[in-house]
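Take a look at the structure below.
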Amino acid sequence: MTDATMTAAPLKPATGPIQWLRDNLFASPFHALVTVLIAWFLFMSLPGLLDWLLFDAVFHANNVRECRAAGSGACWAFIGEKHRLILFGLYPYDEQWRPMLVVLLLLAMVGVSCMRRFWTKWLAPMWAATLVLVGILMWGGVLGLTYVENAKWGGLPLTMILAFVAIAVAMPLGVLLALGRRSDLPAIRAICTIYIELVRGVPAVSLLFMASVMLPLLLPEGMSIDKLLRAQIALIVYASAYLAEVVRGGLQSLSKGQYEAADALGLSYWQKQRLVILPQALRITIPPLVNTIITVFKDTSLVVIIGLYDLMNAAKASIVDPAWRGSSIEAYAFVSVIYFAFCYFMSKYSQGIERRLAKAQQR
Amino acid sequence: MASQPAKTGSGSAAPIPKAPPKKIRGVFWNDPQVRGIFYQILAVGLIAAAVWWLASNTIANLNSRNIATGFHFLSREAGFEIGENLVEYSPADTYFKALLVGVLNTLRIAVIGIILATIIGTIVGICRLSKNWLVAKLASIYVEVVRNIPLLLQLFFWYSMITEFLPGPRDALKPLPGFFLSNRGLKFPLPAQEFAYDLAMVLFAVGLIAAVAVSRWAKKRQNATGQPFPTLWASIGLILGLPIAGWLIGGAPLTFNAPVLQGFNFVGGATLTPEFTALLLGLVIYTACFIAEIVRSGIQAVGKGQTEASMSLGLSKGQTLRLIIMPQALRVIVPPMTSQYLNITKNSSLAVAIGYPDIVSVANTTLNQTGQAIEGVAIIMAVFLTISLSIAAFMGWYNKHIALVER
Amino acid sequence: MADAAPQADTAPMIILDKVNKWYGDFHVLTDINLNVARGERIVICGPSGSGKSTMIRCINRLEEHQAGRIVVDGVELTNDVRQVEAVRRKVGMVFQHFNLFPHLTILENLTLAPIWVRKTPKAEAEATAMKYLERVRIPEQANKYPGQLSGGQQQRVAIARALCVNPSIMLFDEPTSALDPEMVAEVLDVMIKLADESNVTMLCVTHEMGFARSVADRVIFMDRGQIVEQNTPDEFFNHPQNERTKLFLSQILDH
């Protein structure tokens, strides 16, 4: 910078908080009116909400009547009493450190998967190993752990297992379906298209119904599968169709030149997909993939409908207790926070990746 | 659902020449075309075998459990109550009628939900782009909170809010005269059957037609003379003014069929049941936040240069929005909006969790009573596929209609 | 409200008086003083980021200046929307990236402003539009969409679109810099023809020095938000005074 630019800065407009307020809240009479109305609304509603959440809330009580007598706010004592039931369902009380460990293990794996430097060929085997470990911890029966049948699983670990197993199995299936839908072979293309469109055309609830009422009929007599596995199959079928469409979007966005270059190098179909196409397509699709994962995570709550005790249903079960009747809002608020924390983190992460991809594209 | 995309050939995935004079053939199993056919036959064969296996299991199971097959049950008496029905229905009616009531209930919640979610979502989406910091911030908090919590949880939340925290019918809230808000839902008055109301309804339809006619005439006149006509205000005036005029001509009656408390419940008036209200609230609030994001990104997708060019031609802000931004934003918005409309329809099936009698819920009762699971699930799927495919087809047509022409 | 009192021919068409503008802390325009006579053709050049585009965008208030006065044909640009609209009706603008409306045909692009701003009957607006399309030599494209035209054709349409409202001032914001080399000439030809055949006031931000030599009455050199030097094309190119001008000219002419 030389003299000329720096000398004259005589009437630089004001900056600072007052200018900020003028620009962002009172830019015109209309904006000023809107601002005042919203401020008034917040002033009327926020104190009441805070009172309910904190100042008038009751943190210690033995039942709902004591709670309501002690204060007009939320009855958080209910959560204090029932949080183990909501978080772990009917899992044997003394063994609940195991599902706790499972939750931490899965969270750690999510954290690891989000970090770029762990995006290597070891990530998939690591997930497989983690899921095996999760199985050992939940079922037990080996290494001195007592056996816990999966009808007793519940709460947060069940939600996480349903979601992560669904995604782990549906992901490769989805990639195959996406490749199949873009295949040159008409029969393969038709099969994959029909599968994807059928599954996406019907509600997830109906898939769960189908799994719960039709699977027993479809299998030979004597062979039965339990409720958890049925729900898991439905979720896998559901997730694979949606993941397939996301992957297909990524495949479509690659230029034809990439396919031609791979062909020109003499790569076989599978080499071409594995070494050239998929690495690029999957990278582009990380943001929508994460969004689909969030959707699947939220939609595991539908297993309530066929009676599994996931986080959602455990919360519903906890409010049945007559001693605590009428605490449903507290229970729902508690599980909402758990769902929100997970989904919010994932969506912020996906937005971050999206920004980085956009930047890389600009360069 | 095995579906192995097959190998097209190893080492020689080059495109097959269209019609060479003489094709040099290697060993036939290395020919990519032969391999392609082989893999397709393999895939189809595997799937056929799987289907055959499942079908034979099913038949054996059905026989051993003495479950009937086929759709004969449709003409039998259903025997169960349905809480809400748009057409006359009683337990003595057939299963077919019951399922029809379910379909109509699904369509009712879907149509109302789509309209409300579109309106609210559009407003919120525009608010997120507001220059007013408070407005933009509130809109984004709404979107972030709502979309990160499962819809089912939100439905349960609204349902308990209504059924547990609203007072009973005896001490119902009265937000407006004649309106009663209680744990039995919202009761509200309906205009009594009178000539004035019929006249108003007829004139409403006349107003709609007149508004279309006026907008055509205005367009023609503008083309001829260049004078624009305030079509929007004229249309609003016609659509609202004519019915009001009709009501006044009919003597401006103020008689309503109002709900009255009798014993433990209300009689008369119209009702929004807690189930319907909770489902509608949940669906609209949840879907509106996704629609808001679609609208926001649609508007943002129209480049700044378009606004600048329009402004530099002297068009006003309103004209720029109406003639330049909206038509372009719509093209970006329509495809994802379609899938949100499909989502609302599919998500309305969560009704089964809070007891609103939609098609899934009715079909579920049916299959529990008759034991005919396969038929029940098939009916659910057929209904949703029909709805999905019709919405998709309509939106596809609309999208083609407005698509940009590129070279 | 439309037109202010008619100005004497001697009064400047555009007056910029001590105009200042900031982007946050960045001072884009510093004390710009410029009078443009009626019918004058001015070429503005300078390194990128020197504020040339910002300056001409201030003239039809696509950018707001924060200090100083801008008067266009007797109308001062203030916060008053009606004054801004009055100015925009006199000023046509051509953008670097054409900014045609992709959802409208070429003809509809051209008739949009006449119909909605000037309230011209459609048939008349279309006749005028065709006249201008012929002047930019692409009448046969009238019913195509912008996406179907080449860059040079699009820019010619954009010029015709700006002319359709019969402006007394035309602003060109780097009209050829987004074009492939072989299309630059066709656009410059149209601009030269416009300068020859009409008496419209032109301000053109460009690095096409041949165009500046043949058309401009005055060349302005801007750097770091200031007008560093202004002169007739001959003097400007042959005897630049300022060191920065010399450096800039050597950079763009040396190949």
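Ordering of the structure tokens sets the chain letters (A, B, ...); residue numbers start at 1 within each chain; ligands are numbered from 1 in the order shown.
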With only C-alpha atoms counted and 12 Å as the cut-off, give the residues of stretch 80-145 of chain A in contact with stretch 278-293 of chain A, each with its shortest interatomic distance in Å and the pair that gives it, as a Markdown table.
| residue | atom | partner | partner_atom | distance |
| --- | --- | --- | --- | --- |
| A:Val110 | CA | A:Val290 | CA | 11.4 |
| A:Ser113 | CA | A:Val290 | CA | 11.4 |
| A:Cys114 | CA | A:Val290 | CA | 10.2 |
| A:Arg116 | CA | A:Arg283 | CA | 11.2 |
| A:Trp119 | CA | A:Arg283 | CA | 10.6 |
| A:Thr120 | CA | A:Pro279 | CA | 11.2 |
| A:Lys121 | CA | A:Pro279 | CA | 11.4 |
Report as number ranges by chain the set of chain C residues whose atoms approach chain B to within 8 Å, with distances computed over only C-alpha atoms. C: 60, 62, 85-86, 88-89, 91-93, 95, 97, 99-103, 113, 115-117, 119-123, 145-149, 162, 165
Can you check which parts of stretch 208-229 of chain C lie within 12 Å of stretch 178-184 of chain C? Per residue, the shortest pair of atoms and distance in Å to one decimal, counting only C-alpha atoms, sorted by chain and number, as a Markdown table.
| residue | atom | partner | partner_atom | distance |
| --- | --- | --- | --- | --- |
| C:Glu208 | CA | C:Val184 | CA | 9.4 |
| C:Gly210 | CA | C:Val184 | CA | 11.8 |
| C:Phe211 | CA | C:Val184 | CA | 10.9 |
Proximity check chain C to chain A, 12 Å, nearest pairs one decimal Å, only C-alpha atoms, as a Markdown table:
| residue | atom | partner | partner_atom | distance |
| --- | --- | --- | --- | --- |
| C:Lys18 | CA | A:Leu11 | CA | 10.9 |
| C:Val19 | CA | A:Leu11 | CA | 10.7 |
| C:Asn20 | CA | A:Leu11 | CA | 8.3 |
| C:Lys21 | CA | A:Lys12 | CA | 8.2 |
| C:Trp22 | CA | A:Lys12 | CA | 7.5 |
| C:Tyr23 | CA | A:Pro13 | CA | 10.4 |
| C:Gly24 | CA | A:Thr15 | CA | 8.6 |
| C:Asp25 | CA | A:Lys12 | CA | 8.6 |
| C:Phe26 | CA | A:Lys12 | CA | 10.1 |
| C:His27 | CA | A:Ala9 | CA | 7.9 |
| C:Val28 | CA | A:Thr5 | CA | 9.5 |
| C:Leu29 | CA | A:Thr5 | CA | 9.6 |
| C:Thr30 | CA | A:Ala8 | CA | 7.3 |
| C:Asp31 | CA | A:Ala8 | CA | 8.2 |
| C:Ile32 | CA | A:Ala8 | CA | 11.7 |
| C:Ser50 | CA | A:Thr5 | CA | 11.0 |
| C:His65 | CA | A:Pro13 | CA | 10.8 |
| C:Gln66 | CA | A:Pro13 | CA | 7.3 |
| C:Ala67 | CA | A:Leu11 | CA | 7.2 |
| C:Gly68 | CA | A:Leu11 | CA | 9.7 |
| C:Asn79 | CA | A:Ser28 | CA | 11.4 |
| C:Asp223 | CA | A:Thr5 | CA | 9.4 |
| C:Arg224 | CA | A:Thr5 | CA | 6.5 |
| C:Gly225 | CA | A:Thr5 | CA | 7.6 |
| C:Gln226 | CA | A:Thr5 | CA | 8.1 |
| C:Ile227 | CA | A:Ala4 | CA | 11.0 |
| C:Val228 | CA | A:Ala4 | CA | 10.0 |
| C:Arg244 | CA | A:Thr2 | CA | 11.8 |
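Between atom CA of B:Ala136 and atom CA of A:Val36 there is a distance of 14.5 Å.
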Residues of chain A within 8 Å of chain B, counting only C-alpha atoms, as an MDAnalysis selection string: chainID A and resid 24:27 31 35 38 176:177 179:180 183 185 187:189 191:192 195 198 201:206 209:210 213:214 217:221 263:264 266:270 298:299 301:302 305 312 326 328:329 332 336 339:340 343:344
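Neighbours of B:Ala172 closer than or equal to 9 Å, with only C-alpha atoms counted and sequence neighbours fewer than 3 positions away skipped, come out as Leu166, Pro167, Gly168, Pro169, Phe180, Leu181, Ser182 and Asn183 of chain B.
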Saved selection, atoms kept: N, CA, C and O atoms, as a PDB file, in the first residue's frame:
ATOM      1  N   LEU B 166     -54.457 -30.565  27.668  1.00  0.00           N
ATOM      2  CA  LEU B 166     -55.632 -29.730  27.474  1.00  0.00           C
ATOM      3  C   LEU B 166     -56.706 -30.212  28.443  1.00  0.00           C
ATOM      4  O   LEU B 166     -56.760 -31.389  28.790  1.00  0.00           O
ATOM      5  N   PRO B 167     -57.552 -29.291  28.917  1.00  0.00           N
ATOM      6  CA  PRO B 167     -58.585 -29.683  29.883  1.00  0.00           C
ATOM      7  C   PRO B 167     -59.642 -30.565  29.234  1.00  0.00           C
ATOM      8  O   PRO B 167     -59.720 -30.658  28.017  1.00  0.00           O
ATOM      9  N   GLY B 168     -60.446 -31.197  30.074  1.00  0.00           N
ATOM     10  CA  GLY B 168     -61.544 -32.021  29.582  1.00  0.00           C
ATOM     11  C   GLY B 168     -62.635 -31.145  28.994  1.00  0.00           C
ATOM     12  O   GLY B 168     -62.582 -29.915  29.100  1.00  0.00           O
ATOM     13  N   PRO B 169     -63.628 -31.771  28.361  1.00  0.00           N
ATOM     14  CA  PRO B 169     -64.682 -31.000  27.678  1.00  0.00           C
ATOM     15  C   PRO B 169     -65.384 -30.015  28.614  1.00  0.00           C
ATOM     16  O   PRO B 169     -65.780 -28.938  28.196  1.00  0.00           O
ATOM     17  N   PHE B 180     -64.220 -24.619  20.900  1.00  0.00           N
ATOM     18  CA  PHE B 180     -63.864 -25.268  22.161  1.00  0.00           C
ATOM     19  C   PHE B 180     -62.645 -26.144  21.958  1.00  0.00           C
ATOM     20  O   PHE B 180     -62.643 -27.031  21.114  1.00  0.00           O
ATOM     21  N   LEU B 181     -61.620 -25.874  22.742  1.00  0.00           N
ATOM     22  CA  LEU B 181     -60.383 -26.643  22.638  1.00  0.00           C
ATOM     23  C   LEU B 181     -60.264 -27.484  23.892  1.00  0.00           C
ATOM     24  O   LEU B 181     -60.141 -26.951  24.996  1.00  0.00           O
ATOM     25  N   SER B 182     -60.334 -28.804  23.715  1.00  0.00           N
ATOM     26  CA  SER B 182     -60.238 -29.667  24.883  1.00  0.00           C
ATOM     27  C   SER B 182     -59.461 -30.916  24.485  1.00  0.00           C
ATOM     28  O   SER B 182     -58.996 -31.024  23.355  1.00  0.00           O
ATOM     29  N   ASN B 183     -59.324 -31.859  25.418  1.00  0.00           N
ATOM     30  CA  ASN B 183     -58.592 -33.078  25.081  1.00  0.00           C
ATOM     31  C   ASN B 183     -59.384 -33.986  24.146  1.00  0.00           C
ATOM     32  O   ASN B 183     -58.935 -35.059  23.782  1.00  0.00           O
TER      33      ASN B 183
END
Selection: 10 Å around stretch 144-146 of chain A, only C-alpha atoms, excl. self and same-chain fewer than 6 positions, as a ChimeraX atom specification: /A:95,98,136-138
DSSP on the backbone, then: every residue of stretch 115-204 of chain C marked strand (DSSP E), written as a list of chain:residue names. C:Ile169, C:Met170, C:Leu171, C:Phe172, C:Asp173, C:Thr201, C:Met202, C:Leu203, C:Cys204
Hey, can you spit out that residue selection with all heavy atoms as a short mmCIF file (atom, residue, chain, number, x, y, z; two decimals), in the first residue's frame?
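Saved result, out-v6.cif, follows:
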data_model
loop_
_atom_site.label_atom_id
_atom_site.label_comp_id
_atom_site.auth_asym_id
_atom_site.auth_seq_id
_atom_site.Cartn_x
_atom_site.Cartn_y
_atom_site.Cartn_z
N ILE C 169 -28.00 6.92 -21.79
CA ILE C 169 -26.65 6.56 -21.33
C ILE C 169 -26.50 5.04 -21.42
O ILE C 169 -27.43 4.32 -21.07
CB ILE C 169 -26.44 6.99 -19.86
CG1 ILE C 169 -26.64 8.49 -19.70
CG2 ILE C 169 -25.06 6.57 -19.37
CD1 ILE C 169 -26.75 8.93 -18.27
N MET C 170 -25.36 4.56 -21.87
CA MET C 170 -25.11 3.13 -21.87
C MET C 170 -23.85 2.85 -21.04
O MET C 170 -22.82 3.48 -21.24
CB MET C 170 -24.88 2.60 -23.29
CG MET C 170 -26.14 2.47 -24.12
SD MET C 170 -27.13 1.04 -23.64
CE MET C 170 -26.22 -0.30 -24.40
N LEU C 171 -23.98 1.89 -20.13
CA LEU C 171 -22.83 1.48 -19.33
C LEU C 171 -22.40 0.09 -19.80
O LEU C 171 -23.24 -0.80 -19.94
CB LEU C 171 -23.20 1.42 -17.85
CG LEU C 171 -23.83 2.67 -17.24
CD1 LEU C 171 -24.26 2.38 -15.81
CD2 LEU C 171 -22.85 3.82 -17.27
N PHE C 172 -21.11 -0.08 -20.05
CA PHE C 172 -20.60 -1.40 -20.44
C PHE C 172 -19.60 -1.85 -19.38
O PHE C 172 -18.60 -1.18 -19.16
CB PHE C 172 -19.91 -1.32 -21.80
CG PHE C 172 -20.83 -0.99 -22.94
CD1 PHE C 172 -21.12 0.31 -23.27
CD2 PHE C 172 -21.40 -2.01 -23.69
CE1 PHE C 172 -21.97 0.62 -24.32
CE2 PHE C 172 -22.25 -1.71 -24.74
CZ PHE C 172 -22.53 -0.40 -25.05
N ASP C 173 -19.90 -2.98 -18.72
CA ASP C 173 -19.00 -3.48 -17.67
C ASP C 173 -18.22 -4.66 -18.22
O ASP C 173 -18.68 -5.78 -18.19
CB ASP C 173 -19.83 -3.87 -16.45
CG ASP C 173 -18.95 -4.24 -15.27
OD1 ASP C 173 -17.72 -4.15 -15.41
OD2 ASP C 173 -19.51 -4.61 -14.21
N THR C 201 -24.70 8.58 -24.70
CA THR C 201 -23.51 8.73 -23.87
C THR C 201 -23.01 7.34 -23.48
O THR C 201 -23.82 6.50 -23.08
CB THR C 201 -23.85 9.51 -22.60
OG1 THR C 201 -24.55 10.69 -22.98
CG2 THR C 201 -22.62 9.86 -21.81
N MET C 202 -21.73 7.06 -23.63
CA MET C 202 -21.24 5.72 -23.33
C MET C 202 -20.11 5.75 -22.30
O MET C 202 -19.19 6.55 -22.42
CB MET C 202 -20.71 5.03 -24.60
CG MET C 202 -21.81 4.61 -25.57
SD MET C 202 -21.17 4.11 -27.18
CE MET C 202 -20.43 2.55 -26.86
N LEU C 203 -20.24 4.86 -21.31
CA LEU C 203 -19.12 4.62 -20.39
C LEU C 203 -18.78 3.15 -20.50
O LEU C 203 -19.65 2.30 -20.28
CB LEU C 203 -19.49 4.95 -18.95
CG LEU C 203 -19.32 6.39 -18.49
CD1 LEU C 203 -20.51 7.20 -18.91
CD2 LEU C 203 -19.09 6.44 -17.01
N CYS C 204 -17.53 2.87 -20.83
CA CYS C 204 -17.20 1.48 -21.09
C CYS C 204 -15.95 1.06 -20.32
O CYS C 204 -14.89 1.66 -20.48
CB CYS C 204 -16.98 1.31 -22.60
SG CYS C 204 -16.67 -0.37 -23.04
#
Can you work out the spacing between atom CA of B:Glu77 and atom CA of B:Ser90 in Å, to one decimal? 9.9 Å
Just the helix (DSSP H, G or I) stuff from stretch 154-278 of chain A, please, per backbone DSSP, written as JSON, numbers by chain. {"A": [155, 156, 157, 158, 159, 160, 161, 162, 163, 164, 165, 166, 167, 168, 169, 170, 171, 172, 173, 174, 175, 176, 177, 178, 179, 180, 181, 186, 187, 188, 189, 190, 191, 192, 193, 194, 195, 196, 197, 198, 199, 200, 201, 204, 205, 206, 207, 208, 209, 210, 211, 212, 213, 214, 215, 216, 217, 218, 227, 228, 229, 230, 231, 232, 233, 234, 235, 236, 237, 238, 239, 240, 241, 242, 243, 244, 245, 246, 247, 248, 249, 250, 251, 252, 253, 256, 257, 258, 259, 260, 261, 262, 263, 264, 269, 270, 271, 272, 273, 274, 275, 276, 277, 278]}
Hey, can you spit out that residue selection with C-alpha atoms as a compact mmCIF listing (two decimals), in the first residue's frame?
# COMPACT_ATOMS: atom_id res chain seq x y z
CA GLY A 155 -32.91 -47.88 24.56
CA LEU A 156 -30.07 -45.94 23.01
CA PRO A 157 -27.78 -48.90 22.21
CA LEU A 158 -30.62 -50.62 20.35
CA THR A 159 -31.31 -47.48 18.34
CA MET A 160 -27.64 -47.13 17.49
CA ILE A 161 -27.21 -50.80 16.60
CA LEU A 162 -30.28 -50.76 14.36
CA ALA A 163 -29.07 -47.63 12.59
CA PHE A 164 -25.42 -48.57 12.20
CA VAL A 165 -25.96 -52.18 11.17
CA ALA A 166 -28.58 -51.01 8.68
CA ILE A 167 -26.14 -48.54 7.17
CA ALA A 168 -23.15 -50.87 7.29
CA VAL A 169 -25.02 -53.59 5.38
CA ALA A 170 -27.03 -51.26 3.16
CA MET A 171 -24.03 -49.27 1.99
CA PRO A 172 -22.36 -52.00 -0.13
CA LEU A 173 -25.81 -53.17 -1.22
CA GLY A 174 -26.66 -49.61 -2.23
CA VAL A 175 -23.46 -49.27 -4.25
CA LEU A 176 -24.24 -52.51 -6.10
CA LEU A 177 -27.81 -51.38 -6.75
CA ALA A 178 -26.62 -48.02 -8.04
CA LEU A 179 -24.10 -49.67 -10.37
CA GLY A 180 -26.80 -52.10 -11.46
CA ARG A 181 -29.23 -49.33 -12.25
CA PRO A 186 -31.19 -54.46 -19.51
CA ALA A 187 -32.27 -57.28 -17.20
CA ILE A 188 -29.90 -56.19 -14.41
CA ARG A 189 -30.95 -52.58 -14.87
CA ALA A 190 -34.63 -53.49 -14.70
CA ILE A 191 -34.24 -55.59 -11.56
CA CYS A 192 -32.34 -52.85 -9.73
CA THR A 193 -34.69 -50.08 -10.87
CA ILE A 194 -37.77 -51.99 -9.81
CA TYR A 195 -36.29 -52.77 -6.41
CA ILE A 196 -35.25 -49.17 -5.75
CA GLU A 197 -38.50 -47.61 -6.92
CA LEU A 198 -40.69 -50.14 -5.12
CA VAL A 199 -38.96 -49.56 -1.81
CA ARG A 200 -38.88 -45.80 -2.18
CA GLY A 201 -42.49 -45.69 -3.29
CA ALA A 204 -41.03 -47.25 5.78
CA VAL A 205 -43.83 -48.28 8.13
CA SER A 206 -45.22 -50.64 5.54
CA LEU A 207 -41.80 -52.24 5.11
CA LEU A 208 -41.68 -52.85 8.85
CA PHE A 209 -45.17 -54.35 8.75
CA MET A 210 -44.16 -56.49 5.85
CA ALA A 211 -41.11 -57.75 7.69
CA SER A 212 -43.06 -58.43 10.85
CA VAL A 213 -46.11 -60.17 9.36
CA MET A 214 -44.90 -61.55 6.05
CA LEU A 215 -41.40 -62.83 6.81
CA PRO A 216 -42.73 -65.64 9.02
CA LEU A 217 -44.92 -66.75 6.14
CA LEU A 218 -42.15 -66.56 3.56
CA LYS A 227 -38.45 -59.50 15.95
CA LEU A 228 -35.14 -57.65 16.15
CA LEU A 229 -33.75 -59.34 13.07
CA ARG A 230 -37.00 -58.73 11.18
CA ALA A 231 -36.87 -55.02 11.96
CA GLN A 232 -33.20 -54.98 11.03
CA ILE A 233 -33.91 -56.56 7.65
CA ALA A 234 -36.66 -54.03 6.96
CA LEU A 235 -34.33 -51.17 7.83
CA ILE A 236 -31.59 -52.58 5.60
CA VAL A 237 -33.98 -52.93 2.67
CA TYR A 238 -35.20 -49.39 3.28
CA ALA A 239 -31.74 -47.82 3.69
CA SER A 240 -30.23 -49.62 0.70
CA ALA A 241 -32.75 -48.16 -1.76
CA TYR A 242 -32.19 -44.60 -0.55
CA LEU A 243 -28.41 -44.99 -0.38
CA ALA A 244 -28.47 -46.42 -3.91
CA GLU A 245 -30.12 -43.28 -5.22
CA VAL A 246 -27.57 -41.07 -3.49
CA VAL A 247 -24.68 -43.08 -4.94
CA ARG A 248 -26.30 -43.00 -8.37
CA GLY A 249 -26.38 -39.21 -8.14
CA GLY A 250 -22.63 -39.26 -7.54
CA LEU A 251 -22.03 -41.66 -10.42
CA GLN A 252 -24.03 -39.45 -12.75
CA SER A 253 -22.06 -36.36 -11.83
CA LYS A 256 -17.88 -39.43 -19.32
CA GLY A 257 -14.16 -38.78 -19.75
CA GLN A 258 -13.42 -40.66 -16.53
CA TYR A 259 -15.14 -43.80 -17.82
CA GLU A 260 -13.42 -43.50 -21.19
CA ALA A 261 -10.02 -42.94 -19.61
CA ALA A 262 -10.48 -46.03 -17.44
CA ASP A 263 -11.56 -48.09 -20.45
CA ALA A 264 -8.61 -46.80 -22.42
CA TYR A 269 -15.44 -53.42 -15.26
CA TRP A 270 -14.82 -54.07 -11.58
CA GLN A 271 -11.33 -52.55 -11.64
CA LYS A 272 -12.75 -49.48 -13.32
CA GLN A 273 -15.48 -49.06 -10.69
CA ARG A 274 -13.23 -49.83 -7.74
CA LEU A 275 -10.16 -47.81 -8.71
CA VAL A 276 -11.51 -44.91 -10.72
CA ILE A 277 -15.25 -44.35 -10.51
CA LEU A 278 -16.35 -45.16 -6.97
For C:Val200, the nearest of the candidates C:Asn231, C:Gln155, C:Asn166, C:Ser250, counting only C-alpha atoms: C:Asn166
Could you work out how far atom CA of C:Val72 lies from atom CA of C:Leu16, giving the answer in Å with one decimal? 8.7 Å
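Excluding C:Pro240 and any residue on its chain fewer than 3 positions from it, the residues at most 9 Å away by only C-alpha atoms are Glu229, Asn231, Glu235, Phe236, Phe237, Glu243, Thr245, Lys246 and Leu249 of chain C.
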Write out, as a compact mmCIF listing (two decimals), in the first residue's frame, the residues just selected, with all heavy atoms.
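Saved to selection_0.txt:
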# COMPACT_ATOMS: atom_id res chain seq x y z
N GLU C 229 -5.44 9.10 -13.90
CA GLU C 229 -5.10 9.90 -15.07
C GLU C 229 -6.26 9.86 -16.05
O GLU C 229 -6.93 8.83 -16.18
CB GLU C 229 -3.84 9.30 -15.73
CG GLU C 229 -3.36 10.11 -16.91
CD GLU C 229 -1.94 9.72 -17.31
OE1 GLU C 229 -1.31 8.95 -16.58
OE2 GLU C 229 -1.49 10.22 -18.36
N ASN C 231 -7.29 11.45 -20.15
CA ASN C 231 -6.80 12.22 -21.28
C ASN C 231 -7.47 11.75 -22.56
O ASN C 231 -8.21 10.76 -22.55
CB ASN C 231 -5.28 12.05 -21.40
CG ASN C 231 -4.64 13.37 -21.76
OD1 ASN C 231 -5.22 14.17 -22.48
ND2 ASN C 231 -3.44 13.59 -21.24
N GLU C 235 -3.22 11.21 -26.48
CA GLU C 235 -2.31 11.61 -25.42
C GLU C 235 -2.10 10.47 -24.44
O GLU C 235 -1.00 10.20 -23.99
CB GLU C 235 -2.87 12.83 -24.67
CG GLU C 235 -2.71 14.14 -25.42
CD GLU C 235 -1.24 14.50 -25.59
OE1 GLU C 235 -0.55 14.55 -24.56
OE2 GLU C 235 -0.80 14.68 -26.74
N PHE C 236 -3.21 9.82 -24.09
CA PHE C 236 -3.16 8.78 -23.07
C PHE C 236 -2.22 7.64 -23.47
O PHE C 236 -1.40 7.20 -22.68
CB PHE C 236 -4.57 8.23 -22.83
CG PHE C 236 -4.63 7.19 -21.75
CD1 PHE C 236 -4.72 7.55 -20.42
CD2 PHE C 236 -4.60 5.83 -22.07
CE1 PHE C 236 -4.77 6.60 -19.43
CE2 PHE C 236 -4.66 4.88 -21.08
CZ PHE C 236 -4.74 5.25 -19.75
N PHE C 237 -2.36 7.20 -24.72
CA PHE C 237 -1.53 6.06 -25.12
C PHE C 237 -0.12 6.48 -25.48
O PHE C 237 0.82 5.73 -25.25
CB PHE C 237 -2.18 5.32 -26.29
CG PHE C 237 -3.44 4.59 -25.90
CD1 PHE C 237 -4.67 4.96 -26.40
CD2 PHE C 237 -3.38 3.54 -24.99
CE1 PHE C 237 -5.82 4.30 -26.03
CE2 PHE C 237 -4.53 2.89 -24.60
CZ PHE C 237 -5.75 3.27 -25.12
N GLU C 243 3.31 7.20 -13.46
CA GLU C 243 4.12 5.98 -13.48
C GLU C 243 3.24 4.73 -13.53
O GLU C 243 3.52 3.78 -14.25
CB GLU C 243 5.01 5.91 -12.24
CG GLU C 243 6.26 6.76 -12.30
CD GLU C 243 7.05 6.54 -13.58
OE1 GLU C 243 7.29 5.37 -13.92
OE2 GLU C 243 7.38 7.54 -14.25
N THR C 245 0.25 4.46 -14.72
CA THR C 245 -0.34 4.32 -16.05
C THR C 245 0.65 3.67 -17.00
O THR C 245 0.31 2.74 -17.75
CB THR C 245 -0.75 5.69 -16.60
OG1 THR C 245 -1.33 6.45 -15.56
CG2 THR C 245 -1.70 5.54 -17.75
N LYS C 246 1.88 4.14 -16.93
CA LYS C 246 2.90 3.60 -17.84
C LYS C 246 3.09 2.11 -17.60
O LYS C 246 3.13 1.31 -18.54
CB LYS C 246 4.24 4.33 -17.61
CG LYS C 246 4.24 5.73 -18.17
CD LYS C 246 5.57 6.43 -17.86
CE LYS C 246 5.45 7.91 -18.10
NZ LYS C 246 6.57 8.66 -17.50
N LEU C 249 0.04 0.22 -18.95
CA LEU C 249 0.01 0.15 -20.41
C LEU C 249 1.07 -0.81 -20.93
O LEU C 249 0.82 -1.58 -21.86
CB LEU C 249 0.22 1.55 -21.00
CG LEU C 249 -0.99 2.47 -20.89
CD1 LEU C 249 -0.66 3.86 -21.41
CD2 LEU C 249 -2.16 1.88 -21.66
Measuring atom to atom with only C-alpha atoms, identify which of A:Gly141, A:Gly73, A:Gly16, A:Gly111 is nearest to A:Met346.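 Smallest distance to A:Met346 is found for A:Gly111.
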Any idea what's packed within 8 Å of A:Leu90, counting only C-alpha atoms, ignoring anything in its chain fewer than 4 positions away? Could you give it as a ChimeraX atom specification? /A:85,152-154
